[in-house]
Structure formats: structure tokens, C-alpha cells
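Enquirer: Okay, handing you the structure first.
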Amino acid sequence: MNKVIAVFTKESFLVPVVAIILGLLTGAIAMLAGGFNPIQAYMALIEKVFGSAYNFGETIRQITPLIFTGLAVAFAFRTGLFNIGAEGQFIVGMIAATTVGVSFDLPAYIHAPLAVIAGAVAGGLWGSIAGYLKAARGVNEVITSIMLNWVALYLANWVMNAFFIPAGQQRSEMIKESSMITISWLSQMFDSARLHWGTLLAVLAAIFFYVILWKTKSGYELRAVGLNPHASEYAGMNVNRNVVNAMFIGGMFAGIGGACEILGVFHYQAIMTAQPGYGFDGIAVALIGGNTPLGVVLAAILFGILTFGAAGMKFGAGVPVELIRVVIASVIFFVAAHGIVKIFVKPILKKKKEGGN
């Protein structure tokens with residue numbers, strides 16, 4: 001029991017939890033200022049997420065792409081890079097999955113994995129463009145990855161219009177059934193919620209994130225380059241190659257996320273008038289999760305619940321959806337502002353220290 005208490009009072013666990021609580025309290029104050037009942041709003045949010053099997057399944061569906069994009073951003077952070085381009089890598093993964101899903105007739109055990117791999121490779125290559133420009137030309141990856149997001153959006157629309165969308169339509173043909181990764185029996189259990197194998201892939205991606213960064217020689221080099229590229233170069237490491245590799249692996253995570261949205265959720269790709277937003281949300285997920293794989297998964301769950309539950313707050317308590325963004329922004333603020341949170345945590349840690357002595 002003491003070990004359990006020790007885990008829950010550990011600073012690395014306590015600080016983000018207190019930050020989330022402070023964020024929710026700030027959101028409650030914002031709602032009170034707007035004339036809304038925060039208790040009713042949060043109850044409506046919980047009711048929306050957990051009130052029915054369908055909504056619970058759709059919440060899981062909402063969480064899945066956030067795990068992928070959160071990992072994409074967190075992996076780059078861990079290697080000293082700022083991957084703002086998860087959005088573009090996500091979109092390129094969608095293009096690749098649609099292309100494979102529509103164009104080929106293959107057995108399901110080959111077709112679906114091939115479509116996922118295509119999305120991963122496409123996202124990785126898209127991310128490595130920013131990595132190459134950083135390594136070879138010294139171009140800041142923030143600038144290039146932001147530009148690549150827009151290039152990916154318009155490239156996706158051009159590819160769909162040119163090759164996959166029938167005349168007069170706004171979306172591509174349906175992908176072949178053999179390439180779909182929907183879990184039919186699980187979907188039926190959750191009243192036709194769009195559940196798919198991508199959720200399992202997201203968990204495996206988080207494990208891969210941990211193993212490659214902390215259990216392999218390549219991961220050690222990636223982290224070393226992120227901490228101090230000059231010292232790493234002096235130690236004989238190839239800094240430029242590691243920068244490209246880091247962006248490739250980060251892009252792979254986002255690319256798989258995009259592929260899973262096509263193969264498991266929509267089964268087609270529509271003309272997009274705006275970016276999906278999962279890549280930008282992934283930045284917040286990575287920050288809240290402390291750039292660790294477990295933290296990203298937990299942050300994606302929180303973010304997904306808040307995002308999906310926003311509709312419940314709107315219809316159940318009349319709170320505008322914009323206010324849920326205030327709550328999320330408050331959580332991000334307090335997680336980022338460790339110094340402020342530690343003021344609230346300090347008495348608990350002091351008491352624990354005195355108890356230990």
C-alpha cells in the first residue's frame with residue numbers, strides 16, 4: 001500500500017495531475033463568469049462520454065489518432081526537434097492509405113497491412129523532408145514543417161481530384177473491403193461505433209516509442225543528439241543522419257494515424273476544405289504527456305474525452321464548445337508552467353519528505 005501511495009505522490013505523477021485539476025477549476029471559473037453551471041457542464045460531459053456504449057466507443061475512436069500524432073510530436077521533442085508537421089504527415093498517410101485501398105485487389109491479410117505500411121512510409125518520408133532540410137541546409141524544421149502541412153493539404157485534394165474522385169463527387173471511391181481494419185464484432189458490441197484495429201496499433205506504437213528510444217543503441221544516439229548535438233558529433237555520432245531518422249520515425253507515427261482514419265473510420269477520402277487538426281492537437285497531447293509514451297497515451301485519453309464530451313456540454317448544459325477549448329488551454333498552461341503548479345504541490349511533497357525522514 002505504501003508503494004502505491006508513493007507512486008501517486010511522486011512529483012512526476014503529482015504535478016501533471018494537479019495541473020489538470022487546476023485547468024478544470026479554471027475552466028469552471030470561466031463557465032461561472034459566462035453564466036453557466038460548471039458542475040452541470042462537467043456532469044453532461046461525463047454523461048456524453050460514458051452514457052452509452054456508442055458514445056464510449058466513439059470516444060475511443062476519437063482518442064486513437066491523438067495518440068499517433070502525440071507520439072509523432074513527442075518523439076521529435078525527445079530528439080531535440082520541434083515537429084509542427086504532424087498534421088501534414090497525417091494527411092499524407094491518408095493519401096497513401098486511400099491509394100492502396102482503392103487501387104489494389106489483394107487478400108485481406110496482405111491488403112490491410114500494406115495500406116497501413118504505405119501510410120507509415122509516406123508519413124515518414126514527408127517528415128524526413130523537414131529533417132533533411134534541417135540537416136543539410138540548416139533550415140529550421142518549424143518553418144518547413146508548417147509549410148509542408150499546407151502543401152500536404154493541397155496535394156491531397158489534387159491527388160484525389162486527379163485520380164480517385166468520380167466526376168461531380170466530393171469524395172473518393174470506397175476502399176476495397178479487404179483493406180478495411182474495422183473490427184466488426186467489437187463495433188456491434190458498441191452499437192456500431194467506429195472501432196478499428198488502429199487503437200491496438202496506437203498502443204503498440206507507444207511501446208515501440210519506448211523500446212527504440214530507451215532500449216536500443218540508435219535510440220541512445222537520437223536522445224544524445226537531442227540533448228547536445230555538438231558533444232554527440234565530437235563523440236563520433238552522425239548528427240545529420242540522426243536528425244533525418246528522428247523526423248522519419250515521428251512522421252511514421254502520424255502517417256499510421258492518418259491511414260487508420262481512412263481504413264478504419266471513413267473508408268474513403270473527401271476533399272478537405274481545412275486541415276483535420278489532429279496534428280496540432282498532438283502538440284498539446286505531447287506537452288501534457290511530458291513527451292513520454294505512457295504520458296502521451298494518458299494525455300490523448302484526457303484530450304479525447306474533453307473533445308468528444310464537448311458536444312455533451314453544449315447540448316446538456318448549454319455551454320458553448322469554445323469554452324471546452326478554454327479548459328484544454330488551461331490544462332496545457334498549467335502543465336507547461338511547472339513552477340506555478342509546484343507552488344501547490346510543495347506542501348504535499350514537503351509532508352512526504354518529513355514522513356520519509
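Residues are referred to by chain and number: the chain letter is A, B, ... according to the order shown in the C-alpha cells, the number counts from 1 in that chain, and ligands are numbered separately from 1 in the order shown.
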Between stretch 243-280 of chain A and stretch 87-97 of chain A, at 9 Å or less, what are the per-residue closest atom pairs and their distances in Å? Count only C-alpha atoms, order by chain and rising residue number, and return it as a tab-separated table.
Expert:
```
residue	atom	partner	partner_atom	distance
A:Gly250	CA	A:Gln89	CA	8.9
A:Gly251	CA	A:Gln89	CA	5.6
A:Met252	CA	A:Gln89	CA	7.7
A:Phe253	CA	A:Phe90	CA	8.4
A:Ala254	CA	A:Phe90	CA	4.7
A:Gly255	CA	A:Gly93	CA	4.0
A:Ile256	CA	A:Gly93	CA	6.2
A:Gly257	CA	A:Phe90	CA	6.2
A:Gly258	CA	A:Phe90	CA	4.5
A:Ala259	CA	A:Met94	CA	4.7
A:Cys260	CA	A:Met94	CA	7.9
A:Glu261	CA	A:Met94	CA	7.2
A:Ile262	CA	A:Met94	CA	6.1
A:Leu263	CA	A:Ala97	CA	7.0
A:Gln269	CA	A:Met94	CA	7.5
A:Gln275	CA	A:Glu87	CA	7.3
A:Pro276	CA	A:Glu87	CA	7.4
A:Gly277	CA	A:Glu87	CA	6.7
A:Tyr278	CA	A:Glu87	CA	6.4
A:Gly279	CA	A:Glu87	CA	3.8
A:Phe280	CA	A:Glu87	CA	6.4
```
Enquirer: Could you save those same residues with all heavy atoms as a compact mmCIF listing (two decimals), in the first residue's frame?
Expert:
```txt
# COMPACT_ATOMS: atom_id res chain seq x y z
N GLY A 250 9.12 9.98 -36.39
CA GLY A 250 7.99 10.79 -35.93
C GLY A 250 6.90 10.86 -37.00
O GLY A 250 5.71 10.71 -36.71
N GLY A 251 7.32 11.07 -38.25
CA GLY A 251 6.35 11.12 -39.35
C GLY A 251 5.63 9.81 -39.54
O GLY A 251 4.45 9.78 -39.91
N MET A 252 6.32 8.70 -39.27
CA MET A 252 5.68 7.38 -39.39
C MET A 252 4.48 7.26 -38.45
O MET A 252 3.42 6.76 -38.83
CB MET A 252 6.69 6.27 -39.06
CG MET A 252 7.60 5.89 -40.19
SD MET A 252 8.76 4.59 -39.70
CE MET A 252 7.64 3.28 -39.26
N PHE A 253 4.67 7.73 -37.22
CA PHE A 253 3.56 7.65 -36.25
C PHE A 253 2.33 8.40 -36.78
O PHE A 253 1.22 7.88 -36.78
CB PHE A 253 3.98 8.25 -34.90
CG PHE A 253 4.98 7.43 -34.15
CD1 PHE A 253 6.12 8.01 -33.61
CD2 PHE A 253 4.80 6.07 -33.97
CE1 PHE A 253 7.05 7.26 -32.91
CE2 PHE A 253 5.72 5.30 -33.26
CZ PHE A 253 6.85 5.90 -32.74
N ALA A 254 2.57 9.64 -37.24
CA ALA A 254 1.44 10.44 -37.74
C ALA A 254 0.85 9.81 -39.00
O ALA A 254 -0.38 9.81 -39.19
CB ALA A 254 1.90 11.87 -38.03
N GLY A 255 1.72 9.26 -39.87
CA GLY A 255 1.24 8.64 -41.10
C GLY A 255 0.34 7.45 -40.82
O GLY A 255 -0.69 7.26 -41.49
N ILE A 256 0.70 6.64 -39.84
CA ILE A 256 -0.15 5.49 -39.48
C ILE A 256 -1.50 6.00 -38.96
O ILE A 256 -2.55 5.43 -39.25
CB ILE A 256 0.53 4.61 -38.41
CG1 ILE A 256 1.83 4.03 -38.95
CG2 ILE A 256 -0.40 3.48 -37.98
CD1 ILE A 256 2.65 3.30 -37.90
N GLY A 257 -1.45 7.09 -38.19
CA GLY A 257 -2.70 7.67 -37.70
C GLY A 257 -3.63 8.06 -38.83
O GLY A 257 -4.84 7.78 -38.79
N GLY A 258 -3.07 8.72 -39.84
CA GLY A 258 -3.88 9.11 -41.00
C GLY A 258 -4.42 7.90 -41.74
O GLY A 258 -5.59 7.88 -42.16
N ALA A 259 -3.58 6.88 -41.91
CA ALA A 259 -4.01 5.67 -42.61
C ALA A 259 -5.16 5.00 -41.86
O ALA A 259 -6.14 4.54 -42.48
CB ALA A 259 -2.83 4.71 -42.73
N CYS A 260 -5.06 4.95 -40.54
CA CYS A 260 -6.11 4.29 -39.75
C CYS A 260 -7.45 5.05 -39.84
O CYS A 260 -8.51 4.42 -39.77
CB CYS A 260 -5.67 4.17 -38.29
SG CYS A 260 -4.35 2.97 -38.05
N GLU A 261 -7.39 6.37 -39.97
CA GLU A 261 -8.63 7.13 -40.12
C GLU A 261 -9.36 6.74 -41.40
O GLU A 261 -10.59 6.67 -41.44
CB GLU A 261 -8.33 8.64 -40.14
CG GLU A 261 -8.12 9.25 -38.77
CD GLU A 261 -9.36 9.22 -37.89
OE1 GLU A 261 -10.25 10.06 -38.08
OE2 GLU A 261 -9.43 8.33 -37.02
N ILE A 262 -8.60 6.50 -42.48
CA ILE A 262 -9.21 6.09 -43.74
C ILE A 262 -9.65 4.63 -43.68
O ILE A 262 -10.79 4.29 -44.03
CB ILE A 262 -8.21 6.29 -44.90
CG1 ILE A 262 -7.88 7.78 -45.08
CG2 ILE A 262 -8.78 5.70 -46.20
CD1 ILE A 262 -9.05 8.64 -45.48
N LEU A 263 -8.75 3.77 -43.24
CA LEU A 263 -9.00 2.32 -43.29
C LEU A 263 -10.00 1.85 -42.23
O LEU A 263 -10.69 0.85 -42.44
CB LEU A 263 -7.68 1.56 -43.12
CG LEU A 263 -6.57 1.91 -44.10
CD1 LEU A 263 -5.27 1.21 -43.72
CD2 LEU A 263 -6.97 1.54 -45.52
N GLN A 269 -11.74 9.00 -48.85
CA GLN A 269 -11.13 10.30 -48.53
C GLN A 269 -11.89 11.40 -49.25
O GLN A 269 -12.08 11.33 -50.47
CB GLN A 269 -9.65 10.33 -48.92
CG GLN A 269 -8.97 11.64 -48.48
CD GLN A 269 -7.46 11.58 -48.54
OE1 GLN A 269 -6.90 10.49 -48.60
NE2 GLN A 269 -6.81 12.71 -48.51
N GLN A 275 -7.55 21.68 -42.61
CA GLN A 275 -6.76 20.58 -42.07
C GLN A 275 -7.54 19.87 -40.95
O GLN A 275 -8.30 20.52 -40.22
CB GLN A 275 -5.43 21.11 -41.55
CG GLN A 275 -4.56 21.66 -42.68
CD GLN A 275 -3.32 22.37 -42.19
OE1 GLN A 275 -3.16 22.59 -41.00
NE2 GLN A 275 -2.46 22.74 -43.11
N PRO A 276 -7.35 18.55 -40.82
CA PRO A 276 -8.14 17.80 -39.82
C PRO A 276 -7.94 18.28 -38.39
O PRO A 276 -8.85 18.19 -37.57
CB PRO A 276 -7.63 16.36 -39.99
CG PRO A 276 -6.99 16.32 -41.33
CD PRO A 276 -6.48 17.69 -41.60
N GLY A 277 -6.74 18.75 -38.06
CA GLY A 277 -6.49 19.29 -36.72
C GLY A 277 -5.85 18.32 -35.75
O GLY A 277 -5.41 18.71 -34.67
N TYR A 278 -5.77 17.05 -36.13
CA TYR A 278 -5.19 16.06 -35.21
C TYR A 278 -3.70 16.34 -34.95
O TYR A 278 -3.20 16.09 -33.86
CB TYR A 278 -5.36 14.65 -35.76
CG TYR A 278 -6.78 14.14 -35.68
CD1 TYR A 278 -7.49 13.81 -36.83
CD2 TYR A 278 -7.41 13.98 -34.46
CE1 TYR A 278 -8.80 13.34 -36.76
CE2 TYR A 278 -8.71 13.52 -34.37
CZ TYR A 278 -9.40 13.19 -35.53
OH TYR A 278 -10.69 12.74 -35.44
N GLY A 279 -3.01 16.84 -35.97
CA GLY A 279 -1.59 17.12 -35.80
C GLY A 279 -1.34 18.23 -34.81
O GLY A 279 -0.44 18.14 -33.96
N PHE A 280 -2.14 19.28 -34.87
CA PHE A 280 -1.98 20.40 -33.94
C PHE A 280 -2.40 19.98 -32.52
O PHE A 280 -1.77 20.36 -31.54
CB PHE A 280 -2.80 21.59 -34.41
CG PHE A 280 -2.35 22.12 -35.74
CD1 PHE A 280 -3.23 22.22 -36.81
CD2 PHE A 280 -1.03 22.51 -35.95
CE1 PHE A 280 -2.82 22.69 -38.04
CE2 PHE A 280 -0.59 22.98 -37.18
CZ PHE A 280 -1.49 23.07 -38.24
```
Enquirer: Point out the residue among A:Ala336, A:Leu148, A:Val285, A:Ile271 with the least atom-to-atom distance to A:Ile301, counting only C-alpha atoms.
Expert: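 Using only C-alpha atoms, the shortest distance to A:Ile301 belongs to A:Val285.
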Enquirer: In Å, with one decimal, what is the gap from atom CA of A:Ile63 to atom CA of A:Gly304?
Expert: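 Interatomic distance, atom CA of A:Ile63 to atom CA of A:Gly304: 4.7 Å.
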Enquirer: Enter the distance from atom CA of A:Val319 to atom CA of A:Ala274, in Å, rounded to one decimal.
Expert: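 Computing it gives 24.9 Å between the two atoms.
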Enquirer: Would you mind reading off the distance between atom CA of A:Val100 and atom CA of A:Pro113, one decimal, in Å?
Expert: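 Those two atoms sit 10.2 Å apart.
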Enquirer: When you look at A:Ala317 with a cut-off of 10 Å (counting only C-alpha atoms), what residues show up, excluding the ones that are within fewer than 6 positions of it in the same chain? I need them as a ChimeraX atom specification.
Expert: /A:36-45,311
Enquirer: For the selection you just gave me, I'd like the residues written to a file as an mmCIF file, in the first residue's frame, keeping all heavy atoms.
Expert:
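Generated output (part-v3.cif):
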```
data_model
loop_
_atom_site.group_PDB
_atom_site.id
_atom_site.type_symbol
_atom_site.label_atom_id
_atom_site.label_comp_id
_atom_site.auth_asym_id
_atom_site.auth_seq_id
_atom_site.Cartn_x
_atom_site.Cartn_y
_atom_site.Cartn_z
ATOM 1 N N PHE A 36 -22.763 29.999 -16.747
ATOM 2 C CA PHE A 36 -23.099 28.584 -16.872
ATOM 3 C C PHE A 36 -22.759 27.843 -15.585
ATOM 4 O O PHE A 36 -21.901 28.272 -14.814
ATOM 5 C CB PHE A 36 -22.333 27.954 -18.048
ATOM 6 C CG PHE A 36 -22.590 28.638 -19.362
ATOM 7 C CD1 PHE A 36 -21.661 29.546 -19.888
ATOM 8 C CD2 PHE A 36 -23.763 28.403 -20.070
ATOM 9 C CE1 PHE A 36 -21.896 30.183 -21.098
ATOM 10 C CE2 PHE A 36 -24.010 29.043 -21.276
ATOM 11 C CZ PHE A 36 -23.071 29.934 -21.789
ATOM 12 N N ASN A 37 -23.441 26.728 -15.396
ATOM 13 C CA ASN A 37 -23.210 25.918 -14.204
ATOM 14 C C ASN A 37 -22.108 24.903 -14.506
ATOM 15 O O ASN A 37 -22.329 23.951 -15.266
ATOM 16 C CB ASN A 37 -24.502 25.194 -13.817
ATOM 17 C CG ASN A 37 -24.354 24.414 -12.519
ATOM 18 O OD1 ASN A 37 -23.244 24.030 -12.128
ATOM 19 N ND2 ASN A 37 -25.465 24.181 -11.845
ATOM 20 N N PRO A 38 -20.888 25.062 -13.924
ATOM 21 C CA PRO A 38 -19.787 24.148 -14.271
ATOM 22 C C PRO A 38 -20.031 22.704 -13.837
ATOM 23 O O PRO A 38 -19.616 21.769 -14.527
ATOM 24 C CB PRO A 38 -18.579 24.754 -13.532
ATOM 25 C CG PRO A 38 -19.166 25.616 -12.469
ATOM 26 C CD PRO A 38 -20.474 26.107 -12.980
ATOM 27 N N ILE A 39 -20.704 22.526 -12.687
ATOM 28 C CA ILE A 39 -20.972 21.155 -12.226
ATOM 29 C C ILE A 39 -21.888 20.443 -13.223
ATOM 30 O O ILE A 39 -21.638 19.293 -13.630
ATOM 31 C CB ILE A 39 -21.595 21.166 -10.814
ATOM 32 C CG1 ILE A 39 -20.595 21.753 -9.817
ATOM 33 C CG2 ILE A 39 -22.006 19.754 -10.396
ATOM 34 C CD1 ILE A 39 -21.147 21.928 -8.427
ATOM 35 N N GLN A 40 -22.937 21.144 -13.630
ATOM 36 C CA GLN A 40 -23.855 20.584 -14.630
ATOM 37 C C GLN A 40 -23.124 20.314 -15.944
ATOM 38 O O GLN A 40 -23.353 19.291 -16.611
ATOM 39 C CB GLN A 40 -25.012 21.556 -14.869
ATOM 40 C CG GLN A 40 -26.099 20.996 -15.778
ATOM 41 C CD GLN A 40 -27.190 22.041 -16.069
ATOM 42 O OE1 GLN A 40 -27.149 23.153 -15.543
ATOM 43 N NE2 GLN A 40 -28.148 21.667 -16.887
ATOM 44 N N ALA A 41 -22.209 21.217 -16.296
ATOM 45 C CA ALA A 41 -21.469 21.060 -17.556
ATOM 46 C C ALA A 41 -20.555 19.839 -17.512
ATOM 47 O O ALA A 41 -20.530 19.034 -18.449
ATOM 48 C CB ALA A 41 -20.661 22.329 -17.829
ATOM 49 N N TYR A 42 -19.809 19.692 -16.406
ATOM 50 C CA TYR A 42 -18.897 18.545 -16.310
ATOM 51 C C TYR A 42 -19.682 17.229 -16.200
ATOM 52 O O TYR A 42 -19.240 16.197 -16.709
ATOM 53 C CB TYR A 42 -17.955 18.722 -15.115
ATOM 54 C CG TYR A 42 -16.847 19.736 -15.358
ATOM 55 C CD1 TYR A 42 -16.502 20.663 -14.388
ATOM 56 C CD2 TYR A 42 -16.167 19.764 -16.566
ATOM 57 C CE1 TYR A 42 -15.488 21.595 -14.617
ATOM 58 C CE2 TYR A 42 -15.158 20.694 -16.801
ATOM 59 C CZ TYR A 42 -14.828 21.607 -15.831
ATOM 60 O OH TYR A 42 -13.836 22.532 -16.063
ATOM 61 N N MET A 43 -20.833 17.274 -15.533
ATOM 62 C CA MET A 43 -21.672 16.065 -15.458
ATOM 63 C C MET A 43 -22.191 15.700 -16.855
ATOM 64 O O MET A 43 -22.263 14.520 -17.225
ATOM 65 C CB MET A 43 -22.857 16.296 -14.507
ATOM 66 C CG MET A 43 -22.463 16.382 -13.040
ATOM 67 S SD MET A 43 -21.655 14.895 -12.410
ATOM 68 C CE MET A 43 -23.031 13.760 -12.419
ATOM 69 N N ALA A 44 -22.551 16.740 -17.638
ATOM 70 C CA ALA A 44 -23.016 16.487 -19.012
ATOM 71 C C ALA A 44 -21.897 15.911 -19.862
ATOM 72 O O ALA A 44 -22.126 15.047 -20.715
ATOM 73 C CB ALA A 44 -23.538 17.793 -19.633
ATOM 74 N N LEU A 45 -20.689 16.392 -19.617
ATOM 75 C CA LEU A 45 -19.526 15.858 -20.347
ATOM 76 C C LEU A 45 -19.332 14.373 -20.038
ATOM 77 O O LEU A 45 -19.151 13.545 -20.943
ATOM 78 C CB LEU A 45 -18.278 16.656 -19.962
ATOM 79 C CG LEU A 45 -16.973 16.323 -20.694
ATOM 80 C CD1 LEU A 45 -16.123 17.588 -20.829
ATOM 81 C CD2 LEU A 45 -16.160 15.261 -19.960
ATOM 82 N N ALA A 311 -19.553 18.156 -26.973
ATOM 83 C CA ALA A 311 -20.925 18.188 -27.512
ATOM 84 C C ALA A 311 -21.940 17.994 -26.386
ATOM 85 O O ALA A 311 -23.016 18.600 -26.390
ATOM 86 C CB ALA A 311 -21.086 17.111 -28.570
#
```
Enquirer: Against stretch 180-200 of chain A, which residues of stretch 52-112 of chain A fall within 8 Å? For each one I want the closest pair of atoms and the distance in Å (one decimal), counting only C-alpha atoms, rows by chain and increasing residue number, as a tab-separated table.
Expert:
```
residue	atom	partner	partner_atom	distance
A:Ala53	CA	A:Phe190	CA	4.8
A:Tyr54	CA	A:Phe190	CA	4.9
A:Asn55	CA	A:Ala193	CA	7.3
A:Phe56	CA	A:Phe190	CA	7.6
A:Gly57	CA	A:Ala193	CA	5.2
A:Glu58	CA	A:Ala193	CA	5.4
A:Ile60	CA	A:Leu195	CA	7.4
A:Arg61	CA	A:Leu195	CA	5.9
A:Thr64	CA	A:Thr199	CA	5.3
A:Gly101	CA	A:Met180	CA	7.9
A:Ala112	CA	A:Met180	CA	6.1
```
Enquirer: List every residue of stretch 126-264 of chain A that DSSP, applied to the backbone of this structure, assigns to helix (DSSP H, G or I), and report them as a ChimeraX atom specification.
Expert: /A:126-137,141-164,177-179,184-189,198-214,217-227,229-234,239-264
Enquirer: Find the residue from A:Phe303, A:Phe315, A:Tyr109, A:Phe333 that sits nearest to A:Gln62; use only C-alpha atoms when measuring.
Expert: A:Phe303
